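Peer 1: final.cif is the file, holding mmCIF, C-alpha atoms and all ligand atoms:
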data_protein
loop_
_atom_site.label_atom_id
_atom_site.label_comp_id
_atom_site.auth_asym_id
_atom_site.auth_seq_id
_atom_site.Cartn_x
_atom_site.Cartn_y
_atom_site.Cartn_z
CA MET A 33 0.00 0.00 0.00
CA TRP A 34 2.86 2.40 0.82
CA ARG A 35 4.11 2.08 -2.76
CA ALA A 36 0.69 2.99 -4.07
CA MET A 37 0.65 6.06 -1.83
CA VAL A 38 4.07 7.15 -3.06
CA VAL A 39 3.08 6.96 -6.71
CA MET A 40 -0.18 8.76 -6.00
CA VAL A 41 1.67 11.61 -4.27
CA MET A 42 4.12 11.82 -7.16
CA GLY A 43 1.25 11.86 -9.57
CA VAL A 44 -0.35 14.77 -7.76
CA MET A 45 3.02 16.57 -8.05
CA PHE A 46 2.79 16.06 -11.79
CA VAL A 47 -0.67 17.58 -12.07
CA ALA A 48 0.36 20.58 -9.99
CA GLY A 49 3.78 21.16 -11.55
CA CYS A 50 3.44 20.36 -15.20
CA GLY A 51 2.97 23.19 -17.63
CA SER A 52 2.09 22.91 -21.30
CA ALA A 53 1.84 19.50 -22.88
CA SER A 54 1.13 17.90 -26.23
CA TRP A 55 -1.43 15.44 -24.80
CA LYS A 56 -3.56 17.39 -22.34
CA PRO A 57 -6.18 15.86 -20.03
CA ARG A 58 -9.68 17.17 -20.76
CA ASP A 59 -13.08 16.97 -19.15
CA VAL A 60 -15.57 15.16 -21.34
CA SER A 61 -18.06 17.98 -20.75
CA ASP A 62 -15.53 20.50 -22.08
CA LEU A 63 -14.66 18.99 -25.48
CA GLY A 64 -16.74 21.41 -27.53
CA GLY A 65 -17.53 20.88 -31.18
CA GLN A 66 -14.05 21.28 -32.69
CA ARG A 67 -12.28 18.40 -34.40
CA ALA A 68 -9.11 17.12 -32.72
CA ASP A 69 -7.03 14.02 -32.01
CA TYR A 70 -7.85 12.27 -28.75
CA LEU A 71 -6.78 9.38 -26.53
CA VAL A 72 -10.04 8.06 -25.07
CA VAL A 73 -10.23 5.50 -22.25
CA THR A 74 -13.51 3.73 -21.52
CA ASP A 75 -14.25 1.19 -18.81
CA ARG A 76 -12.70 -1.62 -20.83
CA ASP A 77 -10.80 -0.28 -23.85
CA ALA A 78 -8.89 2.71 -25.17
CA TYR A 79 -8.75 4.42 -28.57
CA GLU A 80 -6.43 6.85 -30.26
CA LEU A 81 -8.77 8.85 -32.50
CA ARG A 82 -7.90 11.21 -35.31
CA ASP A 83 -10.06 14.11 -36.40
CA ALA A 84 -12.71 13.25 -33.82
CA VAL A 85 -15.63 15.44 -32.78
CA VAL A 86 -18.44 15.44 -30.23
CA ARG A 87 -21.95 15.64 -31.66
CA GLY A 88 -24.65 15.44 -29.02
CA ASP A 89 -23.63 12.67 -26.61
CA VAL A 90 -21.31 10.82 -28.99
CA LEU A 91 -17.60 11.23 -29.74
CA SER A 92 -16.80 9.88 -33.20
CA GLY A 93 -13.64 9.79 -35.27
CA THR A 94 -11.14 7.73 -37.22
CA VAL A 95 -9.46 4.99 -35.18
CA VAL A 96 -5.65 5.04 -35.28
CA HIS A 97 -5.11 2.44 -32.53
CA ALA A 98 -7.38 0.45 -30.23
CA TRP A 99 -6.41 -1.44 -27.10
CA ALA A 100 -8.08 -3.66 -24.50
CA LEU A 101 -7.24 -2.40 -21.01
CA SER A 102 -5.16 -4.59 -18.71
CA ALA A 103 -7.10 -3.14 -15.77
CA ARG A 104 -9.81 -0.57 -15.21
CA ILE A 105 -8.66 3.00 -14.78
CA SER A 106 -10.13 5.21 -12.12
CA SER A 107 -12.21 8.13 -13.36
CA ARG A 108 -10.00 10.32 -11.14
CA SER A 109 -6.94 9.51 -13.27
CA LYS A 110 -5.40 12.02 -15.62
CA LEU A 111 -3.54 10.47 -18.53
CA PRO A 112 0.18 11.36 -18.64
CA ASN A 113 1.74 13.46 -21.37
CA LEU A 114 3.01 10.47 -23.33
CA SER A 115 2.13 9.23 -26.77
CA PRO A 116 -0.86 6.87 -26.67
CA GLU A 117 1.33 3.99 -27.89
CA THR A 118 3.79 4.56 -25.05
CA ILE A 119 1.02 4.65 -22.46
CA ALA A 120 -0.42 1.46 -23.94
CA GLU A 121 2.95 -0.25 -23.82
CA ARG A 122 3.74 0.83 -20.25
CA LEU A 123 0.32 -0.15 -18.93
CA GLY A 124 0.20 -3.48 -20.74
CA TRP A 125 -2.79 -2.62 -22.92
CA GLU A 126 -3.34 -5.11 -25.72
CA PRO A 127 -4.03 -3.94 -29.27
CA PHE A 128 -7.02 -5.41 -31.05
CA GLU A 129 -8.25 -5.31 -34.59
CA HIS A 130 -10.62 -2.37 -34.84
CA PRO A 131 -13.04 -0.75 -37.27
CA ALA A 132 -11.90 2.26 -39.29
CA THR A 133 -14.17 4.60 -37.35
CA VAL A 134 -15.87 4.46 -33.99
CA ALA A 135 -18.67 6.32 -32.21
CA ILE A 136 -18.33 6.32 -28.42
CA PRO A 137 -21.17 7.52 -26.15
CA THR A 138 -19.61 10.17 -23.91
CA GLN A 139 -21.01 8.53 -20.77
CA ARG A 140 -18.69 5.56 -21.47
CA ILE A 141 -15.59 7.78 -21.40
CA VAL A 142 -13.64 7.40 -18.15
CA THR A 143 -10.77 9.75 -19.01
CA ILE A 144 -9.59 11.56 -22.13
CA SER A 145 -6.62 13.57 -23.44
CA ARG A 146 -6.48 15.90 -26.44
CA HIS A 147 -3.44 16.25 -28.70
CA GLU A 148 -2.23 19.84 -28.92
CA GLU A 149 0.76 21.19 -30.81
CA GLU A 150 2.57 22.70 -27.84
CA SER A 151 5.57 21.85 -25.72
CA GLY A 152 6.62 22.92 -22.24
CA THR A 153 9.42 22.73 -19.70
CA GLY A 154 7.40 20.49 -17.43
CA THR A 155 6.85 17.94 -20.15
CA VAL A 156 9.86 15.68 -19.58
CA LEU A 157 9.32 15.53 -15.83
CA GLY A 158 5.64 15.02 -16.37
CA PHE A 159 6.15 12.02 -18.66
CA GLY A 160 7.26 9.70 -15.87
CA LEU A 161 5.33 11.21 -13.02
CA GLY A 162 2.07 11.36 -14.90
CA LEU A 163 2.32 7.70 -15.74
CA MET A 164 2.82 7.04 -12.04
CA LEU A 165 -0.48 8.77 -11.36
CA VAL A 166 -2.30 6.35 -13.60
CA VAL A 167 -0.37 3.38 -12.23
CA GLY A 168 -1.00 4.61 -8.70
CA ALA A 169 -4.69 4.94 -9.38
CA LEU A 170 -4.73 1.39 -10.70
CA VAL A 171 -3.03 0.05 -7.60
CA VAL A 172 -5.18 2.05 -5.19
CA ALA A 173 -8.30 0.96 -7.03
CA GLY A 174 -7.22 -2.65 -6.46
CA ALA A 175 -7.04 -3.30 -10.19
CA ALA A 176 -4.63 -5.91 -11.46
CA TRP A 177 -2.07 -6.27 -14.19
CA GLN A 178 -2.30 -9.30 -16.39
CA PRO A 179 -1.19 -12.58 -14.89
CA SER A 180 2.19 -13.88 -16.01
CA CYS A 181 1.16 -17.31 -17.31
CA GLY A 182 -1.30 -18.48 -19.92
CA ARG A 183 -1.25 -17.76 -23.61
CA PRO A 184 -4.20 -15.35 -24.15
CA LEU A 185 -7.27 -16.40 -26.08
CA ARG A 186 -7.81 -13.55 -28.53
CA VAL A 187 -11.08 -13.14 -30.38
CA ARG A 188 -10.74 -10.46 -33.06
CA GLY A 189 -7.84 -9.08 -31.05
CA ARG A 190 -9.70 -8.87 -27.75
CA ARG A 191 -8.48 -11.01 -24.85
CA CYS A 192 -11.12 -13.41 -23.46
CA VAL A 193 -11.12 -15.26 -20.16
CA THR A 194 -13.73 -17.47 -18.60
CA PRO A 195 -16.06 -16.14 -15.91
CA LEU A 196 -15.84 -18.07 -12.64
CA ALA A 197 -18.24 -20.79 -11.51
CA THR A 198 -18.63 -22.78 -8.30
CA THR A 199 -17.53 -26.26 -9.32
CA ASP A 200 -14.90 -28.77 -8.27
CA GLU A 201 -14.56 -30.36 -11.73
CA TRP A 202 -11.40 -28.38 -12.54
CA ILE A 203 -9.74 -28.53 -9.13
CA ALA A 204 -6.52 -30.56 -8.97
CA ASP A 205 -5.56 -31.82 -5.55
CA VAL A 206 -3.12 -29.22 -4.20
CA GLU A 207 -2.63 -28.88 -0.46
CA VAL A 208 -1.21 -25.45 0.27
CA ALA A 209 0.27 -24.30 3.58
CA PRO A 210 -1.53 -21.60 5.60
CA VAL A 211 -0.43 -18.02 4.84
CA PRO A 212 -0.68 -14.81 6.92
CA ALA A 213 -4.00 -12.96 6.70
CA PRO A 214 -2.60 -9.80 4.98
CA VAL A 215 -1.10 -11.90 2.17
CA LEU A 216 -4.11 -14.14 1.60
CA PRO A 217 -6.23 -11.73 -0.54
CA ILE A 218 -3.27 -11.09 -2.85
CA LEU A 219 -2.55 -14.78 -3.36
CA ARG A 220 -6.25 -15.56 -3.81
CA THR A 221 -6.52 -12.91 -6.55
CA VAL A 222 -3.27 -13.82 -8.25
CA TRP A 223 -3.95 -17.55 -8.43
CA THR A 224 -7.55 -17.04 -9.57
CA GLN A 225 -6.32 -14.83 -12.41
CA GLU A 226 -3.60 -17.35 -13.27
CA ALA A 227 -6.24 -20.12 -13.37
CA GLN A 228 -8.45 -18.09 -15.72
CA ALA A 229 -5.44 -17.33 -17.93
CA GLU A 230 -4.30 -20.96 -18.05
CA HIS A 231 -7.86 -22.01 -18.92
CA ALA A 232 -7.92 -19.46 -21.77
CA ALA A 233 -4.61 -20.89 -22.99
CA ILE A 234 -6.30 -24.26 -23.66
CA ALA A 235 -8.63 -22.58 -26.16
CA ALA A 236 -5.79 -20.44 -27.53
CA PHE A 237 -3.71 -23.51 -28.45
CA ALA A 238 -6.76 -25.38 -29.78
CA LYS A 239 -7.46 -22.37 -32.00
CA LEU A 240 -3.79 -22.19 -32.99
CA SER A 241 -3.79 -25.83 -34.12
CA LEU A 242 -6.70 -25.12 -36.49
CA GLU A 243 -5.02 -21.96 -37.77
CA LEU A 244 -1.82 -23.89 -38.48
CA ILE A 245 -3.81 -26.44 -40.49
CA ALA A 246 -5.56 -23.63 -42.37
CA LEU A 247 -2.17 -22.14 -43.23
CA GLY A 248 -0.68 -25.47 -44.38
CA ALA A 249 1.85 -25.75 -41.56
CA PRO A 250 3.98 -28.89 -41.12
CA PRO A 251 2.71 -31.68 -38.82
CA ASP A 252 5.34 -31.07 -36.13
CA LEU A 253 3.86 -27.64 -35.36
CA VAL A 254 0.31 -29.02 -35.27
CA ILE A 255 1.33 -31.88 -32.94
CA ARG A 256 3.10 -29.49 -30.59
CA ALA A 257 0.11 -27.11 -30.50
CA HIS A 258 -2.18 -29.99 -29.46
CA ARG A 259 0.33 -31.16 -26.84
CA ALA A 260 0.53 -27.60 -25.46
CA ALA A 261 -3.28 -27.42 -25.17
CA LEU A 262 -3.28 -30.63 -23.08
CA GLN A 263 -0.53 -29.24 -20.84
CA GLU A 264 -2.58 -26.06 -20.35
CA VAL A 265 -5.49 -28.23 -19.13
CA GLN A 266 -3.23 -29.48 -16.35
CA HIS A 267 -1.94 -25.95 -15.62
CA ALA A 268 -5.52 -24.69 -15.33
CA ARG A 269 -6.48 -27.55 -12.97
CA LEU A 270 -3.44 -26.95 -10.77
CA CYS A 271 -4.09 -23.20 -10.63
CA PHE A 272 -7.80 -23.67 -9.87
CA GLY A 273 -6.67 -26.06 -7.13
CA VAL A 274 -4.39 -23.44 -5.57
CA ALA A 275 -6.92 -20.63 -6.06
CA SER A 276 -9.71 -22.69 -4.45
CA ALA A 277 -7.48 -23.57 -1.51
CA TYR A 278 -6.62 -19.92 -0.86
CA ALA A 279 -10.22 -18.81 -1.46
CA GLY A 280 -11.69 -21.48 0.79
CA THR A 281 -14.32 -22.23 -1.84
CA LYS A 282 -14.66 -24.21 -5.06
CA LEU A 283 -13.53 -22.21 -8.09
CA GLY A 284 -13.69 -23.30 -11.72
CA PRO A 285 -14.51 -22.02 -15.18
CA ALA A 286 -17.99 -21.11 -16.39
CA PRO A 287 -19.01 -21.68 -20.04
CA LEU A 288 -16.96 -19.62 -22.49
CA PRO A 289 -18.95 -19.43 -25.74
CA GLU A 290 -16.51 -16.84 -27.14
CA ALA A 291 -14.05 -19.73 -27.59
CA LEU A 292 -15.96 -20.65 -30.75
CA GLU A 293 -15.82 -17.17 -32.23
CA GLY A 294 -13.14 -16.95 -34.87
CA ASP A 295 -10.88 -14.75 -36.90
CA THR A 296 -10.11 -15.10 -40.58
CA VAL A 297 -6.89 -16.97 -41.19
CA ASP A 298 -3.97 -14.60 -41.45
CA LEU A 299 -0.28 -15.56 -41.40
CA ASP A 300 0.77 -12.11 -40.13
CA ARG A 301 -1.59 -12.33 -37.16
CA VAL A 302 -0.62 -15.91 -36.32
CA ALA A 303 3.07 -14.94 -36.44
CA ARG A 304 2.49 -11.78 -34.39
CA GLU A 305 0.55 -13.66 -31.71
CA ALA A 306 3.17 -16.44 -31.67
CA LEU A 307 5.82 -13.80 -31.01
CA LEU A 308 3.97 -11.68 -28.42
CA ASP A 309 1.94 -14.36 -26.67
CA GLY A 310 4.35 -17.28 -27.00
CA CYS A 311 8.00 -16.35 -27.44
CA LEU A 312 7.71 -13.31 -25.19
CA ARG A 313 4.81 -13.84 -22.80
CA GLU A 314 5.22 -17.57 -22.22
CA GLY A 315 9.01 -17.21 -22.39
CA LEU A 316 8.89 -14.63 -19.61
CA ALA A 317 6.30 -16.69 -17.71
CA ALA A 318 8.70 -19.64 -17.73
CA GLU A 319 11.50 -17.54 -16.25
CA ILE A 320 9.19 -16.02 -13.63
CA ALA A 321 7.84 -19.43 -12.64
CA ALA A 322 11.35 -20.89 -12.35
CA THR A 323 12.42 -18.01 -10.10
CA GLY A 324 9.20 -18.18 -8.07
CA ALA A 325 9.65 -21.93 -7.59
CA SER A 326 13.16 -21.37 -6.25
CA THR A 327 12.02 -18.86 -3.59
CA ALA A 328 8.58 -20.25 -2.59
CA ILE A 329 8.62 -21.76 0.89
CA ASP A 330 5.52 -23.93 0.36
CA PRO A 331 6.58 -27.14 -1.47
CA ALA A 332 3.13 -27.42 -3.08
CA ILE A 333 3.44 -23.96 -4.67
CA ALA A 334 7.03 -24.67 -5.75
CA ARG A 335 5.90 -27.89 -7.45
CA VAL A 336 3.14 -26.15 -9.42
CA MET A 337 5.55 -23.42 -10.49
CA ARG A 338 8.21 -25.91 -11.59
CA ILE A 339 5.65 -27.59 -13.89
CA GLN A 340 4.69 -24.19 -15.30
CA ALA A 341 8.35 -23.25 -15.77
CA ARG A 342 9.20 -26.39 -17.71
CA GLU A 343 6.11 -26.45 -19.91
CA GLU A 344 5.76 -22.70 -20.56
CA ALA A 345 9.36 -22.85 -21.86
CA GLN A 346 8.27 -25.62 -24.25
CA HIS A 347 5.36 -23.48 -25.41
CA ALA A 348 7.71 -20.54 -26.01
CA GLU A 349 9.93 -22.80 -28.12
CA LEU A 350 6.90 -24.02 -30.10
CA CYS A 351 6.11 -20.40 -30.83
CA TRP A 352 9.68 -19.76 -31.91
CA ALA A 353 9.27 -22.63 -34.39
CA ILE A 354 6.10 -20.92 -35.68
CA VAL A 355 7.87 -17.55 -35.93
CA GLU A 356 10.76 -19.10 -37.85
CA TRP A 357 8.37 -20.94 -40.16
CA ALA A 358 6.46 -17.68 -40.75
CA ILE A 359 9.68 -15.81 -41.58
CA GLY A 360 10.51 -18.60 -44.03
CA ARG A 361 7.10 -18.05 -45.66
CA GLY A 362 6.92 -14.27 -45.44
CA GLY A 363 10.56 -13.33 -45.94
CA GLU A 364 12.07 -9.97 -44.99
CA PRO A 365 8.73 -8.09 -44.73
CA MET A 366 7.64 -10.65 -42.11
CA ARG A 367 10.94 -10.34 -40.24
CA ASP A 368 10.65 -6.53 -40.23
CA MET A 369 7.03 -6.65 -39.06
CA LEU A 370 7.96 -8.97 -36.18
CA LEU A 371 10.95 -6.85 -35.16
CA GLY A 372 8.58 -3.89 -34.95
CA GLN A 373 6.32 -5.84 -32.58
CA VAL A 374 8.89 -6.76 -29.93
CA SER A 375 8.52 -3.54 -27.95
CA ARG A 376 4.78 -4.23 -27.58
CA ALA A 377 5.41 -7.17 -25.26
CA ALA A 378 3.12 -7.05 -22.24
CA PHE A 379 4.55 -6.72 -18.74
CA PRO A 380 2.88 -8.94 -16.14
CA ARG A 381 1.56 -8.19 -12.69
CA CYS A 382 4.25 -8.45 -10.01
CA ASP A 383 4.07 -8.69 -6.22
CA ASP A 384 7.07 -8.38 -3.94
CA LEU A 385 6.40 -11.65 -2.10
CA PRO A 386 9.23 -14.04 -3.08
CA GLU A 387 8.59 -16.39 -0.17
CA TYR A 388 5.15 -17.06 -1.69
CA GLY A 389 6.53 -17.53 -5.20
CA ARG A 390 5.73 -13.98 -6.33
CA VAL A 391 8.70 -12.42 -8.09
CA PRO A 392 9.46 -8.74 -7.35
CA HIS A 393 9.02 -6.12 -10.04
CA ALA A 394 12.71 -5.22 -10.29
CA VAL A 395 13.67 -8.84 -10.96
CA VAL A 396 10.95 -9.27 -13.60
CA ALA A 397 11.90 -5.95 -15.23
CA ALA A 398 15.49 -7.16 -15.68
CA MET A 399 14.26 -10.49 -17.12
CA HIS A 400 11.88 -8.64 -19.43
CA ALA A 401 14.55 -6.28 -20.80
CA ALA A 402 17.01 -9.13 -21.41
CA LEU A 403 14.31 -11.23 -23.09
CA LEU A 404 13.38 -8.40 -25.48
CA GLU A 405 17.02 -8.03 -26.51
CA ARG A 406 17.50 -11.78 -27.03
CA THR A 407 14.26 -11.87 -29.02
CA ARG A 408 15.38 -9.11 -31.38
CA GLN A 409 18.67 -10.92 -31.97
CA ARG A 410 16.94 -14.25 -32.61
CA ILE A 411 14.48 -12.71 -35.10
CA ARG A 412 17.37 -11.06 -36.96
CA MET A 413 19.22 -14.40 -37.13
CA SER A 414 16.18 -16.52 -37.98
CA GLY A 415 16.49 -18.35 -41.29
CA LEU A 416 20.04 -17.18 -41.95
CA PRO A 417 22.52 -19.92 -42.91
CA THR A 418 24.63 -21.21 -40.03
CA VAL A 419 28.37 -20.83 -40.57
CA ARG A 420 30.23 -23.89 -39.32
CA LEU A 421 33.75 -23.23 -38.18
CA ALA A 422 36.43 -25.79 -39.02
CA ALA A 423 37.73 -27.76 -36.03
FE FE A 501 0.29 -22.63 -18.95
FE FE A 502 1.63 -21.98 -21.96
#
Let's see the structure in the file written out as structure tokens.
Ligand SMILES: [Fe+2]
Ligand SMILES: [Fe+2]

Peer 2:
Amino acid sequence: MWRAMVVMVMGVMFVAGCGSASWKPRDVSDLGGQRADYLVVTDRDAYELRDAVVRGDVLSGTVVHAWALSARISSRSKLPNLSPETIAERLGWEPFEHPATVAIPTQRIVTISRHEEESGTGTVLGFGLGLMLVVGALVVAGAAWQPSCGRPLRVRGRRCVTPLATTDEWIADVEVAPVPAPVLPILRTVWTQEAQAEHAAIAAFAKLSLELIALGAPPDLVIRAHRAALQEVQHARLCFGVASAYAGTKLGPAPLPEALEGDTVDLDRVAREALLDGCLREGLAAEIAATGASTAIDPAIARVMRIQAREEAQHAELCWAIVEWAIGRGGEPMRDMLLGQVSRAAFPRCDDLPEYGRVPHAVVAAMHAALLERTRQRIRMSGLPTVRLAA
């Protein structure tokens, strides 16, 4: 909580001390009828709009980018003076495929910034501090970053997870040790989110196997996608087991009809999702789980995390095989597209509780930075002939 208070205080300093800016927070009621570029955040998604205007109770404009939020943002938050893409990257928002134009009822707008061609001395300071205000508001509001594990199920770019149900059908037998009362709500939330994410990963790999068939991929990739889906079933059961134990109630997945909604087959999208969701997200998840397993004091938690570490690493390698196959099919334009995606990698939720298997933010940040660099190098080298040195 003290960290949340610090970032909130720093955020208030930003609002008080920052002068002119190129992305200025606005009140929805004060937008007027003039056309402008906006960053609009609703209760569940965000849009960068060009040439947008308010008519009556609707803001409409051309969509430049659209993202699904990683967590709800408080209506008290002011967006920092950063480009929308930078805010999206720092807050772990996920891009989704969007229509060319959008009309948003103004009552859905939680917070909004308008692009203005100005600059000011407070801008550089405000960049970091303003972001802290939003992050602080997220923490204070109890909102969560994305969990570390589980390849996301994306339906037309939007991340889907199952609602929760009261059932013991998905609960693996995991006997966790008692934990102190202040820690219990955090662990209950974290493991419930991990269970939902692992459950979504089952559908994500099932969908991937069909997409690989539709794209004419070799059998090895299809076999490995099916194997990954089965491993995610076990991950989901283990995580629902831990979550139920911490919650003191039976937790499992509810029906998820969105799992049958599809996208049109698209090599670029399959390669992009393999990179972001597999090589990067599952690759980082494997490292986090390995570290968490090494510091967790409860043997049951360490065992679950060791399984995740081993198998998430396999899933990351499967996705590297898909990326390399896609570069072989798409050539240099595919390689360039993928290199441009690396910086969009999501950053997971962290909690500074190593004795409970939760890896601190600073450790994950170092892993994340190193992984991005290794990923860029591997994409650049993918498909190039190997030079064998003479003995
Ligand atoms: Fe998993
Ligand atoms: Fe996985």

Peer 1: Taking only C-alpha atoms and all ligand atoms into account, list the residues no farther than 9 Å from ligand FE 502 (chain A), as a PyMOL selection string.

Peer 2: chain A and resi 181-183+230+233-234+237+260-261+263-264+267+309-310+313-315+317-318+340+343-348

Peer 1: Could the residues in this selection be written to a file with C-alpha atoms, as an mmCIF file, in the coordinates of the input?

Peer 2:
data_model
loop_
_atom_site.group_PDB
_atom_site.id
_atom_site.type_symbol
_atom_site.label_atom_id
_atom_site.label_comp_id
_atom_site.auth_asym_id
_atom_site.auth_seq_id
_atom_site.Cartn_x
_atom_site.Cartn_y
_atom_site.Cartn_z
ATOM 1 C CA CYS A 181 1.160 -17.310 -17.310
ATOM 2 C CA GLY A 182 -1.300 -18.480 -19.920
ATOM 3 C CA ARG A 183 -1.250 -17.760 -23.610
ATOM 4 C CA GLU A 230 -4.300 -20.960 -18.050
ATOM 5 C CA ALA A 233 -4.610 -20.890 -22.990
ATOM 6 C CA ILE A 234 -6.300 -24.260 -23.660
ATOM 7 C CA PHE A 237 -3.710 -23.510 -28.450
ATOM 8 C CA ALA A 260 0.530 -27.600 -25.460
ATOM 9 C CA ALA A 261 -3.280 -27.420 -25.170
ATOM 10 C CA GLN A 263 -0.530 -29.240 -20.840
ATOM 11 C CA GLU A 264 -2.580 -26.060 -20.350
ATOM 12 C CA HIS A 267 -1.940 -25.950 -15.620
ATOM 13 C CA ASP A 309 1.940 -14.360 -26.670
ATOM 14 C CA GLY A 310 4.350 -17.280 -27.000
ATOM 15 C CA ARG A 313 4.810 -13.840 -22.800
ATOM 16 C CA GLU A 314 5.220 -17.570 -22.220
ATOM 17 C CA GLY A 315 9.010 -17.210 -22.390
ATOM 18 C CA ALA A 317 6.300 -16.690 -17.710
ATOM 19 C CA ALA A 318 8.700 -19.640 -17.730
ATOM 20 C CA GLN A 340 4.690 -24.190 -15.300
ATOM 21 C CA GLU A 343 6.110 -26.450 -19.910
ATOM 22 C CA GLU A 344 5.760 -22.700 -20.560
ATOM 23 C CA ALA A 345 9.360 -22.850 -21.860
ATOM 24 C CA GLN A 346 8.270 -25.620 -24.250
ATOM 25 C CA HIS A 347 5.360 -23.480 -25.410
ATOM 26 C CA ALA A 348 7.710 -20.540 -26.010
#

Peer 1: Determine, counting all atoms listed in the file, which protein, DNA and RNA residues have an atom within 6 Å of an atom of stretch 63-74 of chain A; residues of the same chain fewer than 5 positions away are not included. Present the result as a PyMOL selection string.

Peer 2: chain A and resi 79-86+140-147

Peer 1: Between A:Ala341, A:Trp223, A:Ala332, A:Glu201, which one has atoms that come closest to ligand FE 501 (chain A), using all atoms listed in the file?

Peer 2: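 Distance minimum relative to ligand FE 501 (chain A) lands on A:Ala341.
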
Peer 1: I'd like the neighbourhood of A:Thr194 as an MDAnalysis selection string, where a residue qualifies if any of its atoms comes within 8 Å (using all atoms listed in the file), though same-chain residues fewer than 4 positions away should be ignored.

Peer 2: chainID A and resid 228 231:232 285:288

Peer 1: From the set A:Glu207, A:Glu226, A:Asp77, A:Glu243, which residue has the shortest atom-to-atom contact distance to ligand FE 501 (chain A), counting all atoms listed in the file?

Peer 2: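 Closest to ligand FE 501 (chain A), using all atoms listed in the file: A:Glu226.
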
Peer 1: To one decimal place, how far is atom CA of A:Ala78 from atom CA of A:Ala98 in Å?

Peer 2: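 About the pair atom CA of A:Ala78 and atom CA of A:Ala98: they are 5.7 Å apart.
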
Peer 1: Pick out the residues sitting within 6 Å of stretch 273-280 of chain A, and hand them over as a ChimeraX atom specification; count only C-alpha atoms, and ignore anything fewer than 6 positions along from it in its own chain.

Peer 2: /A:203-204,206,220,223-224

Peer 1: So what do you get for atom CA of A:Arg412 versus atom CA of A:Pro365, distance-wise?

Peer 2: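 If I compute the distance from atom CA of A:Arg412 to atom CA of A:Pro365, I get 12.0 Å.
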
Peer 1: Interatomic distance between atom CA of A:Ala306 and atom CA of A:Trp352?

Peer 2: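 So the answer is 7.3 Å.
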
Peer 1: With only C-alpha atoms as the atoms that count, which of A:Gln178, A:Gln139, A:Thr198, A:Ser115 lies nearest to A:Leu101?

Peer 2: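 When distances to A:Leu101 are compared using only C-alpha atoms, the smallest one comes from A:Gln178.
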
Peer 1: Give the answer as one residue: which of A:Leu385, A:Val60, A:Ala378, A:Leu242 has the shortest atom-to-atom distance to A:Thr323, using all atoms listed in the file?

Peer 2: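 Looking at the shortest contact to A:Thr323, the residue is A:Leu385.
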
Peer 1: I'd like the contact shell of A:Glu405 - 9 Å cut-off, only C-alpha atoms, skipping same-chain residues fewer than 5 positions apart - returned as an NGL selection string.

Peer 2: :A and (374 or 400 or 410)

Peer 1: Measuring atom to atom with only C-alpha atoms and all ligand atoms, identify which of A:Leu253, A:Leu316, A:Ala209, A:Val297 is nearest to ligand FE 501 (chain A).

Peer 2: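 Ranked by minimum distance to ligand FE 501 (chain A), first place goes to A:Leu316.
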
Peer 1: Choose the residue, out of A:Arg58, A:Arg390, A:Arg304, A:Arg259, that has the smallest atom-to-atom separation from ligand FE 501 (chain A); count all atoms listed in the file.

Peer 2: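 Looking at the shortest contact to ligand FE 501 (chain A), the residue is A:Arg259.
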
Peer 1: Padding of 3 Å on every side, edges along x, y and z, all listed atoms of stretch 83-98 of chain A included: what centre and edge lengths in Å, to one decimal, does that box have, as AutoDock Vina command-line options?

Peer 2:
--center_x -14.9 --center_y 8.0 --center_z -31.9 --size_x 25.5 --size_y 21.2 --size_z 16.6

Peer 1: Export stretch 238-257 of chain A, C-alpha atoms, as a short mmCIF file (atom, residue, chain, number, x, y, z; two decimals), in the first residue's frame; it's the structure right above.

Peer 2:
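Resulting contents of selection.cif:
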data_model
loop_
_atom_site.label_atom_id
_atom_site.label_comp_id
_atom_site.auth_asym_id
_atom_site.auth_seq_id
_atom_site.Cartn_x
_atom_site.Cartn_y
_atom_site.Cartn_z
CA ALA A 238 -6.76 -25.38 -29.78
CA LYS A 239 -7.46 -22.37 -32.00
CA LEU A 240 -3.79 -22.19 -32.99
CA SER A 241 -3.79 -25.83 -34.12
CA LEU A 242 -6.70 -25.12 -36.49
CA GLU A 243 -5.02 -21.96 -37.77
CA LEU A 244 -1.82 -23.89 -38.48
CA ILE A 245 -3.81 -26.44 -40.49
CA ALA A 246 -5.56 -23.63 -42.37
CA LEU A 247 -2.17 -22.14 -43.23
CA GLY A 248 -0.68 -25.47 -44.38
CA ALA A 249 1.85 -25.75 -41.56
CA PRO A 250 3.98 -28.89 -41.12
CA PRO A 251 2.71 -31.68 -38.82
CA ASP A 252 5.34 -31.07 -36.13
CA LEU A 253 3.86 -27.64 -35.36
CA VAL A 254 0.31 -29.02 -35.27
CA ILE A 255 1.33 -31.88 -32.94
CA ARG A 256 3.10 -29.49 -30.59
CA ALA A 257 0.11 -27.11 -30.50
#
